[in-house]
Structures are given as structure tokens and as C-alpha cells.
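Trainee: First the structure, then my questions, so here it is.
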Amino acid sequence: MTKPALGVDGFNRLPDRQRMRLLLGVCSTTIWARRVLAGAPFDGVDALLDRAGRVLAELPEAEIDAALDGHPRIGADVDNASSAREQAHVIDADDDVRAELAEKNRKYEDKFGYIFLVCASGRSAEELLGNLTQRLDHDPETERRVMRNELAKITRLRLERLLRELG
């Protein structure tokens, strides 16, 4: 028998400390998690997702960098279940593609100063490599905007999954 989903009502009923821990698993910045929780209790899933998105959009760059610390490189070993699930198609990629991902990840980090972040869910390693290659041509301002958008997509997917799966 499967457990019912946590849902927003279940999330609202959890102690603050537990909700903080869950939110930090979604996005690894304490300021984001605290600001999201400041809007609780939430009337529904959309209210929680909207609050989380607004808070993320308003975070200063230093906090965005903290959020990036919670994400492994695309194609590297992953240390958490969310990243493993999101990068599932990369694990099966052939060695040449994985080597090229590693090389271009290094070039990206040298150019922009942070890891390449992309919403990888359901995407093949070849698709991600193409995206990485394309984004290497961005100027720093454009890429920062693209990266923040990708972080927002990942955060939303993880939050939706959290509400659906935990119970």
C-alpha cells in the first residue's frame, strides 16, 4: 500500500524545522527556505509554488551562488536522489559524450565562474551537451539570466515532486 502524497496541507502541518529541511533539499539556500516559509500556511499548491518562485527571483546573486552549491556538475557523480533522478539519462551516456561534457563543464566554469546548471529532467546526455555547447557562446549577463531561469525550473520541479511523493 502506497502512502498518500504529502500535499500542501501535510506540508503546512509539519514542524518548521522539518519544513526547512525539506525545502533545503529543494534549493540549498537558507534564505530562500526561510523566506518561503514566511508565507506559510499556504492555501494551496499554487500559492506555495508562486511564493517559492517569487522568493527565488528576488534572491541576491550571492544566494543564487549558494543555491548552485547544491547541484553537481552535469555528468559528474551525484550525491543526492533528486540530482540522480534528474540526470538519469546522463549516467547511461557513452564515454565520449561524458568526456566531452566534463571538458565543456570545465570551460563553462572557467568562463562564467560557476557550474553549468540546466533542468536535466528527461533530457539525454547528447541534448544536455548541445545545450552546454550553445550556452558557452553567451555573454556573462545573458548566461546569468539563463542560469537563474534553469534554477527556477529545477526548484519548481523538485517542490512539485516533494508535495506529490512524500507522505
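In the C-alpha cells, chains take the letters A, B, ... in the order shown, each chain's residues start at 1, and ligands count up from 1 in the order shown.
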Skipping near chain neighbours, those fewer than 6 positions away, what residues fall within 7 Å of region 156-165 of chain A using only C-alpha atoms, listed as an NGL selection string?

Mentor: :A and (5-8 or 26 or 49)

Trainee: Pick out the residues sitting within 10 Å of Val55 (chain A), and hand them over as a PyMOL selection string; count only C-alpha atoms, and ignore anything fewer than 3 positions along from it in its own chain.

Mentor: chain A and resi 31-36+49-52+58-59

Trainee: Using DSSP on the backbone, list every residue of region 41-160 of chain A that comes out as alpha helix (DSSP H), and give them as a PyMOL selection string.

Mentor: chain A and resi 45-58+61-68+81-86+88-91+95-112+125-135+140-160

Trainee: What separation in Å, quoted to one decimal, exists between CA of Asp65 (chain A) and CA of Asn12 (chain A)?

Mentor: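 Separation of CA of Asp65 (chain A) and CA of Asn12 (chain A): 28.0 Å.
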
Trainee: Would you mind telling me which residue in A:Ser124, A:Gly39, A:Glu61, A:Thr155 lies nearest to Glu141 (chain A) when using only C-alpha atoms?

Mentor: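 Between A:Ser124, A:Gly39, A:Glu61, A:Thr155, the residue approaching Glu141 (chain A) most closely is A:Glu61.
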
Trainee: Applying 9 Å and only C-alpha atoms, which residues near Ala57 (chain A) remain after dropping the ones on its own chain fewer than 6 positions away? List them as a PyMOL selection string.

Mentor: chain A and resi 148-149+152

Trainee: Go ahead and save the residues from that selection, with N, CA and C atoms, as a PDB file, in the first residue's frame.

Mentor:
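To be explicit, this is the file written out as part29.pdb:
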```
ATOM      1  N   ARG A 148      19.626  31.429 -13.987  1.00  0.00           N
ATOM      2  CA  ARG A 148      18.595  31.686 -12.969  1.00  0.00           C
ATOM      3  C   ARG A 148      17.254  31.084 -13.396  1.00  0.00           C
ATOM      4  N   ASN A 149      16.946  31.160 -14.679  1.00  0.00           N
ATOM      5  CA  ASN A 149      15.718  30.568 -15.196  1.00  0.00           C
ATOM      6  C   ASN A 149      15.755  29.039 -15.046  1.00  0.00           C
ATOM      7  N   ALA A 152      15.172  28.130 -11.477  1.00  0.00           N
ATOM      8  CA  ALA A 152      13.746  28.242 -11.146  1.00  0.00           C
ATOM      9  C   ALA A 152      12.977  27.002 -11.615  1.00  0.00           C
TER      10      ALA A 152
END
```

Trainee: Between A:Ile74, A:Met20, A:Ala47, A:Cys27, single out the one closest to Arg106 (chain A), counting only C-alpha atoms.

Mentor: A:Ile74
